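Source file protein.csv; content: CSV, C-alpha atoms.
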```
chain,number,residue,atom,x,y,z
W,1,MET,CA,155.3,280.8,-18.2
W,2,ALA,CA,157.5,277.7,-18.5
W,3,GLY,CA,160.8,277.9,-17.0
W,4,ARG,CA,164.0,277.8,-19.0
W,5,PRO,CA,165.2,274.1,-19.4
W,6,THR,CA,168.0,273.1,-17.2
W,7,SER,CA,171.2,272.0,-19.0
W,8,THR,CA,172.6,268.6,-18.1
W,9,THR,CA,176.0,269.2,-19.8
W,10,GLU,CA,179.1,270.5,-18.2
W,11,PRO,CA,179.9,274.3,-18.5
W,12,ALA,CA,181.9,275.1,-21.6
W,13,ALA,CA,185.6,275.5,-21.1
W,14,HIS,CA,186.9,279.0,-20.9
W,15,PRO,CA,188.2,280.1,-24.3
W,16,LYS,CA,191.6,280.6,-22.9
W,17,SER,CA,191.6,277.0,-21.6
W,18,ARG,CA,190.4,275.7,-25.0
W,19,GLY,CA,193.2,277.6,-26.7
W,20,ALA,CA,195.8,276.0,-24.5
W,21,ALA,CA,194.5,272.6,-25.1
W,22,ARG,CA,194.4,273.1,-28.9
W,23,ARG,CA,197.9,274.4,-29.0
W,24,ALA,CA,199.1,271.5,-26.9
W,25,MET,CA,197.5,269.0,-29.3
W,26,ARG,CA,199.1,270.7,-32.4
W,27,ARG,CA,202.7,270.9,-31.3
W,28,GLY,CA,202.9,268.6,-28.3
W,29,PRO,CA,202.1,269.7,-24.7
W,30,THR,CA,204.5,271.7,-22.6
W,31,ILE,CA,204.6,272.5,-18.9
W,32,ASP,CA,203.4,276.0,-19.8
W,33,ASP,CA,200.3,274.6,-21.4
W,34,VAL,CA,199.6,272.6,-18.3
W,35,ALA,CA,200.0,275.7,-16.1
W,36,GLU,CA,197.7,277.8,-18.3
W,37,LEU,CA,195.0,275.2,-18.5
W,38,ALA,CA,195.2,274.5,-14.7
W,39,GLY,CA,195.2,278.2,-13.9
W,40,VAL,CA,198.4,278.0,-11.8
W,41,SER,CA,202.0,279.1,-12.1
W,42,ARG,CA,204.7,277.2,-13.9
W,43,GLY,CA,206.4,276.7,-10.5
W,44,THR,CA,203.3,275.0,-9.1
W,45,VAL,CA,203.3,272.5,-12.0
W,46,SER,CA,207.0,271.9,-11.4
W,47,ARG,CA,206.4,271.1,-7.7
W,48,VAL,CA,203.6,268.7,-8.6
W,49,LEU,CA,205.9,266.9,-11.0
W,50,ASN,CA,208.6,266.6,-8.3
W,51,GLY,CA,206.3,265.0,-5.7
W,52,GLY,CA,203.6,267.5,-4.9
W,53,HIS,CA,205.3,269.1,-1.9
W,54,TYR,CA,203.8,272.4,-0.8
W,55,VAL,CA,200.9,272.2,-3.2
W,56,SER,CA,197.3,272.6,-2.2
W,57,ALA,CA,194.9,269.8,-2.9
W,58,ALA,CA,192.9,272.0,-5.3
W,59,SER,CA,196.0,272.9,-7.3
W,60,LEU,CA,197.2,269.4,-7.3
W,61,GLU,CA,193.9,268.2,-8.8
W,62,ALA,CA,193.8,271.0,-11.3
W,63,VAL,CA,197.3,270.2,-12.5
W,64,GLN,CA,196.6,266.5,-12.8
W,65,GLN,CA,193.4,267.1,-14.8
W,66,ALA,CA,195.3,269.5,-17.1
W,67,MET,CA,198.0,266.9,-17.7
W,68,THR,CA,195.3,264.4,-18.7
W,69,LYS,CA,193.6,266.9,-21.0
W,70,THR,CA,196.8,268.0,-22.8
W,71,GLY,CA,198.4,264.6,-22.8
W,72,TYR,CA,201.5,266.0,-21.0
W,73,THR,CA,204.1,263.5,-19.9
W,74,VAL,CA,207.3,264.2,-18.0
W,75,ASN,CA,210.4,264.5,-20.2
W,76,GLN,CA,212.6,262.1,-18.2
W,77,SER,CA,215.8,263.3,-19.8
W,78,ALA,CA,215.1,266.9,-18.8
W,79,ARG,CA,214.1,265.8,-15.3
W,80,SER,CA,217.4,263.9,-14.9
W,81,LEU,CA,219.4,267.0,-15.7
W,82,VAL,CA,217.8,268.7,-12.8
W,83,THR,CA,217.5,265.8,-10.3
W,84,LYS,CA,220.7,264.0,-11.3
W,85,ARG,CA,218.7,260.8,-11.2
W,86,SER,CA,217.9,258.4,-14.0
W,87,ASN,CA,214.7,257.2,-12.3
W,88,ALA,CA,215.7,253.6,-13.2
W,89,ILE,CA,217.0,250.6,-11.2
W,90,GLY,CA,219.2,247.8,-12.5
W,91,PHE,CA,218.1,244.2,-11.8
W,92,VAL,CA,221.3,242.1,-12.2
W,93,LEU,CA,220.8,238.3,-12.4
W,94,SER,CA,224.2,236.5,-12.2
W,95,GLU,CA,223.0,233.5,-14.2
W,96,PRO,CA,222.7,232.4,-17.8
W,97,GLN,CA,219.6,233.5,-19.6
W,98,GLU,CA,218.0,230.1,-19.6
W,99,ARG,CA,218.2,230.0,-15.8
W,100,LEU,CA,215.8,232.9,-15.6
W,101,PHE,CA,213.1,230.6,-17.1
W,102,GLU,CA,214.1,227.4,-15.4
W,103,ASP,CA,213.9,228.6,-11.8
W,104,PRO,CA,210.6,230.2,-10.9
W,105,ASN,CA,212.1,232.1,-8.0
W,106,PHE,CA,213.8,234.5,-10.4
W,107,SER,CA,210.6,235.3,-12.2
W,108,VAL,CA,208.8,235.9,-8.9
W,109,LEU,CA,211.6,238.3,-7.8
W,110,LEU,CA,211.6,240.1,-11.2
W,111,ARG,CA,207.9,240.5,-11.3
W,112,SER,CA,207.6,241.7,-7.7
W,113,CYS,CA,210.5,244.1,-8.0
W,114,THR,CA,209.0,245.6,-11.2
W,115,GLN,CA,205.7,246.1,-9.5
W,116,ALA,CA,207.2,247.7,-6.4
W,117,LEU,CA,209.3,250.1,-8.5
W,118,ALA,CA,206.3,250.9,-10.8
W,119,GLU,CA,204.4,252.1,-7.8
W,120,GLN,CA,207.2,254.7,-7.4
W,121,ASP,CA,207.1,255.5,-11.1
W,122,ILE,CA,210.6,254.0,-11.5
W,123,SER,CA,211.7,251.7,-14.3
W,124,LEU,CA,213.5,248.4,-14.0
W,125,VAL,CA,216.4,247.4,-16.3
W,126,LEU,CA,217.1,243.7,-16.5
W,127,MET,CA,220.7,242.8,-16.9
W,128,LEU,CA,222.2,239.3,-17.1
W,129,GLU,CA,225.8,238.6,-15.8
W,130,ALA,CA,226.9,235.2,-17.0
W,131,SER,CA,230.3,236.1,-18.4
W,132,ASP,CA,233.2,238.5,-17.9
W,133,ALA,CA,232.1,240.4,-21.1
W,134,GLU,CA,228.5,240.8,-19.7
W,135,ARG,CA,229.9,242.0,-16.4
W,136,ASP,CA,232.0,244.6,-18.1
W,137,ARG,CA,229.1,245.8,-20.1
W,138,ILE,CA,227.0,246.1,-16.9
W,139,LEU,CA,229.7,248.1,-15.1
W,140,ARG,CA,230.0,250.5,-18.1
W,141,TYR,CA,226.2,251.0,-18.1
W,142,VAL,CA,226.0,251.5,-14.3
W,143,ARG,CA,229.1,253.9,-14.2
W,144,GLY,CA,227.4,255.9,-17.0
W,145,GLU,CA,224.7,256.7,-14.4
W,146,HIS,CA,221.9,255.1,-16.5
W,147,VAL,CA,220.6,253.6,-13.2
W,148,ASP,CA,220.4,255.0,-9.7
W,149,GLY,CA,221.1,251.7,-8.0
W,150,VAL,CA,221.4,247.9,-8.5
W,151,LEU,CA,219.4,244.9,-7.2
W,152,LEU,CA,221.8,241.9,-7.1
W,153,ILE,CA,220.2,238.5,-7.6
W,154,SER,CA,222.0,235.2,-7.3
W,155,SER,CA,225.4,236.7,-6.9
W,156,HIS,CA,228.2,234.1,-6.7
W,157,SER,CA,231.2,233.8,-4.4
W,158,GLY,CA,234.2,235.6,-5.8
W,159,ASP,CA,232.1,237.7,-8.2
W,160,PRO,CA,234.1,241.0,-8.7
W,161,LEU,CA,230.9,242.9,-9.6
W,162,ILE,CA,230.2,243.5,-5.9
W,163,SER,CA,233.5,245.2,-5.1
W,164,GLU,CA,233.4,247.1,-8.5
W,165,LEU,CA,230.0,248.5,-7.6
W,166,ALA,CA,231.3,249.5,-4.1
W,167,GLN,CA,234.3,251.2,-5.6
W,168,ALA,CA,232.1,253.1,-8.1
W,169,GLY,CA,229.9,254.3,-5.2
W,170,VAL,CA,226.8,252.7,-6.7
W,171,PRO,CA,224.0,251.9,-4.2
W,172,ALA,CA,223.4,248.1,-4.3
W,173,VAL,CA,221.3,245.6,-2.4
W,174,ALA,CA,221.8,241.8,-2.6
W,175,CYS,CA,219.1,239.1,-2.5
W,176,GLY,CA,220.4,236.8,0.2
W,177,LYS,CA,223.4,237.1,2.5
W,178,PRO,CA,226.6,237.7,0.4
W,179,LEU,CA,228.7,234.6,0.2
W,180,ALA,CA,232.1,236.2,0.8
W,181,PRO,CA,232.6,237.6,4.3
W,182,ASP,CA,234.5,240.6,2.8
W,183,ASP,CA,231.4,241.6,0.8
W,184,ILE,CA,230.0,244.2,3.1
W,185,LEU,CA,226.7,244.8,1.3
W,186,PRO,CA,223.2,245.6,2.5
W,187,TYR,CA,220.9,242.6,1.8
W,188,VAL,CA,217.5,241.2,2.3
W,189,ALA,CA,217.1,237.4,2.9
W,190,ALA,CA,214.9,234.8,4.3
W,191,ASP,CA,216.2,233.3,7.6
W,192,ASP,CA,218.0,230.5,5.7
W,193,ARG,CA,219.7,228.9,8.6
W,194,GLU,CA,216.6,228.7,10.8
W,195,GLY,CA,214.6,227.5,7.8
W,196,ALA,CA,217.1,224.6,7.3
W,197,ARG,CA,216.8,223.9,11.1
W,198,GLN,CA,213.0,223.7,10.7
W,199,MET,CA,213.2,221.2,7.9
W,200,THR,CA,215.9,219.0,9.5
W,201,ARG,CA,214.1,219.0,12.9
W,202,TYR,CA,210.9,217.9,11.1
W,203,LEU,CA,212.6,215.0,9.4
W,204,VAL,CA,214.1,213.9,12.7
W,205,GLU,CA,210.7,214.1,14.4
W,206,GLN,CA,209.3,211.9,11.6
W,207,GLY,CA,211.6,209.2,12.8
W,208,HIS,CA,214.3,209.4,10.0
W,209,LYS,CA,217.8,208.3,11.1
W,210,ARG,CA,220.0,208.8,8.1
W,211,ILE,CA,219.3,212.2,6.7
W,212,GLY,CA,221.4,213.3,3.7
W,213,MET,CA,221.7,216.8,2.2
W,214,ILE,CA,222.1,218.2,-1.3
W,215,SER,CA,223.8,221.5,-0.5
W,216,ALA,CA,224.4,224.5,-2.8
W,217,PRO,CA,227.2,226.5,-1.3
W,218,GLN,CA,227.5,228.6,-4.5
W,219,ILE,CA,224.1,230.2,-4.1
W,220,ALA,CA,223.2,233.0,-1.7
W,221,GLY,CA,222.0,231.4,1.5
W,222,GLY,CA,223.4,228.0,0.5
W,223,GLN,CA,226.0,228.0,3.2
W,224,GLU,CA,223.5,229.1,5.8
W,225,ARG,CA,221.2,226.2,4.9
W,226,LEU,CA,224.0,223.7,5.3
W,227,GLN,CA,224.9,225.1,8.7
W,228,GLY,CA,221.2,224.8,9.8
W,229,TYR,CA,221.2,221.2,8.8
W,230,GLN,CA,224.5,220.7,10.8
W,231,ASP,CA,223.1,222.6,13.8
W,232,VAL,CA,220.4,220.0,14.2
W,233,LEU,CA,222.2,216.8,13.4
W,234,GLY,CA,225.6,217.7,15.0
W,235,ARG,CA,227.9,214.7,14.8
W,236,LYS,CA,225.4,212.7,12.8
W,237,ALA,CA,225.9,215.1,9.8
W,238,LEU,CA,228.5,212.8,8.3
W,239,LYS,CA,230.5,213.9,5.3
W,240,ARG,CA,229.2,211.0,3.2
W,241,LEU,CA,225.7,212.2,3.8
W,242,VAL,CA,226.4,215.7,2.3
W,243,VAL,CA,226.9,216.2,-1.5
W,244,SER,CA,227.4,219.7,-3.0
W,245,ALA,CA,225.5,220.2,-6.2
W,246,THR,CA,227.8,221.3,-9.1
W,247,ASP,CA,225.4,224.1,-10.1
W,248,TYR,CA,221.9,225.4,-9.5
W,249,SER,CA,219.8,223.2,-11.7
W,250,GLN,CA,217.5,220.1,-11.7
W,251,GLU,CA,220.2,218.0,-13.4
W,252,ALA,CA,222.7,219.0,-10.7
W,253,GLY,CA,220.1,217.8,-8.1
W,254,ARG,CA,219.6,214.5,-9.9
W,255,SER,CA,223.4,213.9,-10.1
W,256,ALA,CA,223.9,214.8,-6.4
W,257,MET,CA,221.1,212.3,-5.5
W,258,GLU,CA,222.9,209.6,-7.5
W,259,GLN,CA,226.1,210.3,-5.6
W,260,LEU,CA,224.3,210.2,-2.2
W,261,LEU,CA,222.7,206.8,-3.0
W,262,LYS,CA,226.1,205.4,-3.9
W,263,ALA,CA,227.8,206.8,-0.8
W,264,SER,CA,224.9,206.1,1.6
W,265,PRO,CA,222.5,203.5,0.1
W,266,ASP,CA,220.7,203.2,3.5
W,267,LEU,CA,219.7,206.8,3.8
W,268,ASP,CA,216.0,207.3,4.5
W,269,ALA,CA,215.6,211.1,4.0
W,270,VAL,CA,217.2,213.9,2.1
W,271,PHE,CA,217.0,217.7,2.4
W,272,ALA,CA,217.8,219.6,-0.7
W,273,ALA,CA,218.9,223.3,-0.5
W,274,SER,CA,216.3,224.3,-3.1
W,275,ASP,CA,213.1,223.0,-4.7
W,276,LEU,CA,214.9,222.9,-8.1
W,277,LEU,CA,217.6,220.6,-6.7
W,278,ALA,CA,214.9,218.5,-4.8
W,279,SER,CA,213.0,218.0,-8.1
W,280,GLY,CA,216.1,216.5,-9.6
W,281,ALA,CA,216.5,214.3,-6.5
W,282,LEU,CA,212.9,213.0,-7.1
W,283,VAL,CA,213.8,212.1,-10.7
W,284,GLU,CA,216.8,210.0,-9.5
W,285,LEU,CA,215.0,208.3,-6.7
W,286,ARG,CA,212.3,207.2,-9.1
W,287,ARG,CA,214.9,205.9,-11.5
W,288,ALA,CA,216.6,204.0,-8.7
W,289,GLY,CA,213.3,202.4,-7.7
W,290,ARG,CA,213.1,204.2,-4.3
W,291,ARG,CA,209.6,205.2,-3.2
W,292,VAL,CA,208.9,208.7,-1.9
W,293,PRO,CA,208.2,209.0,1.0
W,294,GLU,CA,208.0,205.3,2.0
W,295,ASP,CA,211.7,204.6,1.3
W,296,VAL,CA,213.2,208.1,1.2
W,297,ALA,CA,211.6,211.3,2.4
W,298,VAL,CA,212.5,214.5,0.5
W,299,GLY,CA,212.4,218.1,1.7
W,300,GLY,CA,213.2,221.2,-0.3
W,301,PHE,CA,213.6,224.9,0.3
W,302,ASP,CA,211.7,227.9,-1.4
W,303,ASP,CA,208.1,226.8,-1.8
W,304,SER,CA,208.2,227.7,-5.4
W,305,ARG,CA,205.9,226.6,-8.2
W,306,ILE,CA,208.1,223.5,-8.6
W,307,ALA,CA,207.2,222.3,-5.1
W,308,ARG,CA,203.5,222.5,-5.8
W,309,GLU,CA,203.7,220.8,-9.2
W,310,SER,CA,206.3,218.1,-8.5
W,311,ASP,CA,205.2,214.4,-8.3
W,312,PRO,CA,204.6,213.9,-5.5
W,313,PRO,CA,204.1,217.4,-4.2
W,314,LEU,CA,207.2,218.6,-2.2
W,315,THR,CA,207.4,219.3,1.5
W,316,THR,CA,209.5,222.4,1.7
W,317,ILE,CA,210.5,225.6,3.5
W,318,ARG,CA,208.6,228.7,2.3
W,319,GLN,CA,210.6,231.9,2.0
W,320,PRO,CA,208.4,235.0,1.3
W,321,LEU,CA,209.9,236.0,-2.1
W,322,GLU,CA,207.3,238.7,-2.9
W,323,LEU,CA,208.1,240.3,0.5
W,324,VAL,CA,211.8,239.9,-0.1
W,325,ALA,CA,211.5,241.7,-3.4
W,326,ARG,CA,209.6,244.6,-1.9
W,327,GLU,CA,212.0,244.9,1.0
W,328,MET,CA,214.9,245.0,-1.4
W,329,VAL,CA,213.3,247.8,-3.4
W,330,ASP,CA,212.5,249.8,-0.2
W,331,LEU,CA,216.1,249.3,1.1
W,332,LEU,CA,217.7,250.3,-2.1
W,333,LEU,CA,215.6,253.4,-2.6
W,334,ARG,CA,216.6,254.5,1.0
W,335,LEU,CA,220.2,254.0,0.1
W,336,VAL,CA,219.8,256.1,-3.0
W,337,GLU,CA,218.4,258.8,-0.8
W,338,GLY,CA,221.6,258.6,1.3
W,339,GLU,CA,220.1,256.8,4.3
W,340,ASP,CA,222.3,254.2,6.2
W,341,GLU,CA,220.5,250.9,6.2
W,342,GLY,CA,221.4,247.4,7.4
W,343,PRO,CA,220.3,243.9,6.4
W,344,ARG,CA,216.8,242.7,6.7
W,345,ILE,CA,216.0,239.1,7.7
W,346,LEU,CA,212.5,237.6,7.1
W,347,PRO,CA,211.0,234.5,8.7
W,348,THR,CA,210.5,231.2,7.0
W,349,GLU,CA,207.7,228.6,7.3
W,350,LEU,CA,207.6,224.8,7.0
W,351,VAL,CA,205.1,223.6,4.4
W,352,ILE,CA,204.2,219.9,4.7
W,353,ARG,CA,203.1,218.1,1.6
W,354,THR,CA,203.5,214.5,0.4
W,355,THR,CA,207.2,213.9,0.0
W,356,ALA,CA,207.9,213.9,3.8
```

Let me see whether you can do it: turn the structure in this file into structure tokens.
Amino acid sequence: MAGRPTSTTEPAAHPKSRGAARRAMRRGPTIDDVAELAGVSRGTVSRVLNGGHYVSAASLEAVQQAMTKTGYTVNQSARSLVTKRSNAIGFVLSEPQERLFEDPNFSVLLRSCTQALAEQDISLVLMLEASDAERDRILRYVRGEHVDGVLLISSHSGDPLISELAQAGVPAVACGKPLAPDDILPYVAADDREGARQMTRYLVEQGHKRIGMISAPQIAGGQERLQGYQDVLGRKALKRLVVSATDYSQEAGRSAMEQLLKASPDLDAVFAASDLLASGALVELRRAGRRVPEDVAVGGFDDSRIARESDPPLTTIRQPLELVAREMVDLLLRLVEGEDEGPRILPTELVIRTTA
């Protein structure tokens, strides 16, 4: 007598489970539907939604499967009432909107911070602070507890936002060492001063005698990079060999290079405080008929996309921006949890290409 054929399909769901799934689809799933379908208590589902603490592996898997089948998602507003958290972080860029697209460093930081927060199921809110009105709007938003903390990008010297956030008790982390000594704020930065020393030492070792600098004291880390240049050259770091860029742009780099050539027409190398400024210097050197690197060597700082795509490719200092972003997120989330954290400094690396 032939045996009964073996079924290759999965066992049919229990009628009770099918009923929970159908009800969830009709009116929208609830935590009770998830608990019923998973065969666990409502409290177990709640513990899973709040991190999975004190939940067995079997129950955790059952709840996750039930959430998938019912289409249940966490009501963030309801969770916020319980946890007193918004589950969102502000990313404040203290620059005009167009600068976000001009400087590739900002897009790298934005993308990397977004990815690091997404891994923790936390949203990122982009906010631009280029005027007093925008700063006031950001402060109202932050004080309204719409974010749990703030990542400060490209904050400028004298910006009252830093002190306002501190007074409001909002956890905040800066990208780069704060410019004002009174701004006591946790930060993550590349070792700007040592990076500048690396570049300046390299130019000296290449035999260059008159090394100019395009500084950017208004950007985070800018003062540190100038000090690193001065550390190596000492008394040879003449005032006429240093020009401060008026702002953080390619045009500012071009204009600063023009001033350097007028003040020191015999210079044979220049170190720019960023790749963006260095790209402007290359434009002006080409206009002035100076060959790079034969007549004037050029070094930058960042190792951004600009450095790789410039003509000729730019010798520069690499700062690990993806790691900076991840460290900023980790530091800020620890501050949100009430932990006491100090600054984090990351190493830099000399990248030699064609310009020097």

Nearest residue to Val147 in chain W from the set W:Val243, W:Ala38, W:Ala172, W:Ala57 (distances using all atoms listed in the file):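 Closest residue, counting all atoms listed in the file: W:Ala172.
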
12 Å contact set for Ser41 in chain W, all atoms listed in the file, chain neighbours under 3 positions out, as a list in words: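 Near Ser41 in chain W, the qualifying residues are Ile31, Asp32, Asp33, Val34, Ala35, Glu36, Leu37, Ala38, Thr44, Val45, Ser46, Arg47, Val48, Val55, Ser59, Leu60, Ala62 and Val63 of chain W.
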
Please indicate the distance in Å from CA of Arg140 in chain W to CA of Glu339 in chain W, rounded to one decimal place. 25.3 Å

Straight-line distance linking CA of Phe101 in chain W with CA of Val329 in chain W, stated in Å to one decimal: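 CA of Val329 in chain W lies 22.0 Å from CA of Phe101 in chain W.
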
Could you please give me, as a PDB file with C-alpha atoms, in the frame of the given file, the residues of protein, DNA or RNA lying at most 12 Å from (225.7, 241.4, -0.5) in the coordinate frame of the file, considering only C-alpha atoms?
```pdb
ATOM      1  CA  VAL W 150     221.400 247.900  -8.500  1.00  0.00           C
ATOM      2  CA  LEU W 151     219.400 244.900  -7.200  1.00  0.00           C
ATOM      3  CA  LEU W 152     221.800 241.900  -7.100  1.00  0.00           C
ATOM      4  CA  ILE W 153     220.200 238.500  -7.600  1.00  0.00           C
ATOM      5  CA  SER W 154     222.000 235.200  -7.300  1.00  0.00           C
ATOM      6  CA  SER W 155     225.400 236.700  -6.900  1.00  0.00           C
ATOM      7  CA  HIS W 156     228.200 234.100  -6.700  1.00  0.00           C
ATOM      8  CA  SER W 157     231.200 233.800  -4.400  1.00  0.00           C
ATOM      9  CA  GLY W 158     234.200 235.600  -5.800  1.00  0.00           C
ATOM     10  CA  ASP W 159     232.100 237.700  -8.200  1.00  0.00           C
ATOM     11  CA  PRO W 160     234.100 241.000  -8.700  1.00  0.00           C
ATOM     12  CA  LEU W 161     230.900 242.900  -9.600  1.00  0.00           C
ATOM     13  CA  ILE W 162     230.200 243.500  -5.900  1.00  0.00           C
ATOM     14  CA  SER W 163     233.500 245.200  -5.100  1.00  0.00           C
ATOM     15  CA  LEU W 165     230.000 248.500  -7.600  1.00  0.00           C
ATOM     16  CA  ALA W 166     231.300 249.500  -4.100  1.00  0.00           C
ATOM     17  CA  PRO W 171     224.000 251.900  -4.200  1.00  0.00           C
ATOM     18  CA  ALA W 172     223.400 248.100  -4.300  1.00  0.00           C
ATOM     19  CA  VAL W 173     221.300 245.600  -2.400  1.00  0.00           C
ATOM     20  CA  ALA W 174     221.800 241.800  -2.600  1.00  0.00           C
ATOM     21  CA  CYS W 175     219.100 239.100  -2.500  1.00  0.00           C
ATOM     22  CA  GLY W 176     220.400 236.800   0.200  1.00  0.00           C
ATOM     23  CA  LYS W 177     223.400 237.100   2.500  1.00  0.00           C
ATOM     24  CA  PRO W 178     226.600 237.700   0.400  1.00  0.00           C
ATOM     25  CA  LEU W 179     228.700 234.600   0.200  1.00  0.00           C
ATOM     26  CA  ALA W 180     232.100 236.200   0.800  1.00  0.00           C
ATOM     27  CA  PRO W 181     232.600 237.600   4.300  1.00  0.00           C
ATOM     28  CA  ASP W 182     234.500 240.600   2.800  1.00  0.00           C
ATOM     29  CA  ASP W 183     231.400 241.600   0.800  1.00  0.00           C
ATOM     30  CA  ILE W 184     230.000 244.200   3.100  1.00  0.00           C
ATOM     31  CA  LEU W 185     226.700 244.800   1.300  1.00  0.00           C
ATOM     32  CA  PRO W 186     223.200 245.600   2.500  1.00  0.00           C
ATOM     33  CA  TYR W 187     220.900 242.600   1.800  1.00  0.00           C
ATOM     34  CA  VAL W 188     217.500 241.200   2.300  1.00  0.00           C
ATOM     35  CA  ALA W 189     217.100 237.400   2.900  1.00  0.00           C
ATOM     36  CA  ILE W 219     224.100 230.200  -4.100  1.00  0.00           C
ATOM     37  CA  ALA W 220     223.200 233.000  -1.700  1.00  0.00           C
ATOM     38  CA  GLY W 221     222.000 231.400   1.500  1.00  0.00           C
ATOM     39  CA  MET W 328     214.900 245.000  -1.400  1.00  0.00           C
ATOM     40  CA  GLY W 342     221.400 247.400   7.400  1.00  0.00           C
ATOM     41  CA  PRO W 343     220.300 243.900   6.400  1.00  0.00           C
ATOM     42  CA  ARG W 344     216.800 242.700   6.700  1.00  0.00           C
TER      43      ARG W 344
END
```

Ranking W:Leu124, W:Leu203, W:Leu323, W:Val170 by minimum distance to Leu233 in chain W and counting all atoms listed in the file, which one comes first? W:Leu203

Of the candidates W:Ala288, W:Val204, W:Ala196, W:Ile211, which shows the shortest atom-to-atom distance to Arg225 in chain W, using all atoms listed in the file?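 Ranked by minimum distance to Arg225 in chain W, first place goes to W:Ala196.
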
Quote the spacing between CA of Leu93 in chain W and CA of Met213 in chain W in Å to one decimal place.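 Here the two named atoms are 26.0 Å from each other.
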
Name the residues in contact with Gly207 in chain W at a cut-off of 12 Å, using all atoms listed in the file, excluding same-chain residues fewer than 4 positions from it; report them as a compact mmCIF listing (two decimals) with C-alpha atoms, in the frame of the given file.
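Writing the result to part06.txt gives the following:
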```txt
# COMPACT_ATOMS: atom_id res chain seq x y z
CA THR W 200 215.90 219.00 9.50
CA ARG W 201 214.10 219.00 12.90
CA TYR W 202 210.90 217.90 11.10
CA LEU W 203 212.60 215.00 9.40
CA ILE W 211 219.30 212.20 6.70
CA ASP W 268 216.00 207.30 4.50
CA ALA W 269 215.60 211.10 4.00
CA VAL W 296 213.20 208.10 1.20
CA ALA W 297 211.60 211.30 2.40
CA ALA W 356 207.90 213.90 3.80
```

Between W:Ser255, W:Thr246, W:Ser215, W:Gln223, smallest distance to Val270 in chain W by only C-alpha atoms belongs to W:Ser215

Which residue gives the smallest distance to Leu346 in chain W among W:Met127, W:Val242, W:Leu276, W:Ala190, with only C-alpha atoms counted?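 Among the listed residues, the smallest separation from Leu346 in chain W belongs to W:Ala190.
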
Proximity to Gly195 in chain W - best of W:Val298, W:Leu128, W:Val92, W:Val351, all atoms listed in the file: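 Answer, going by the shortest atom-to-atom distance: W:Val351.
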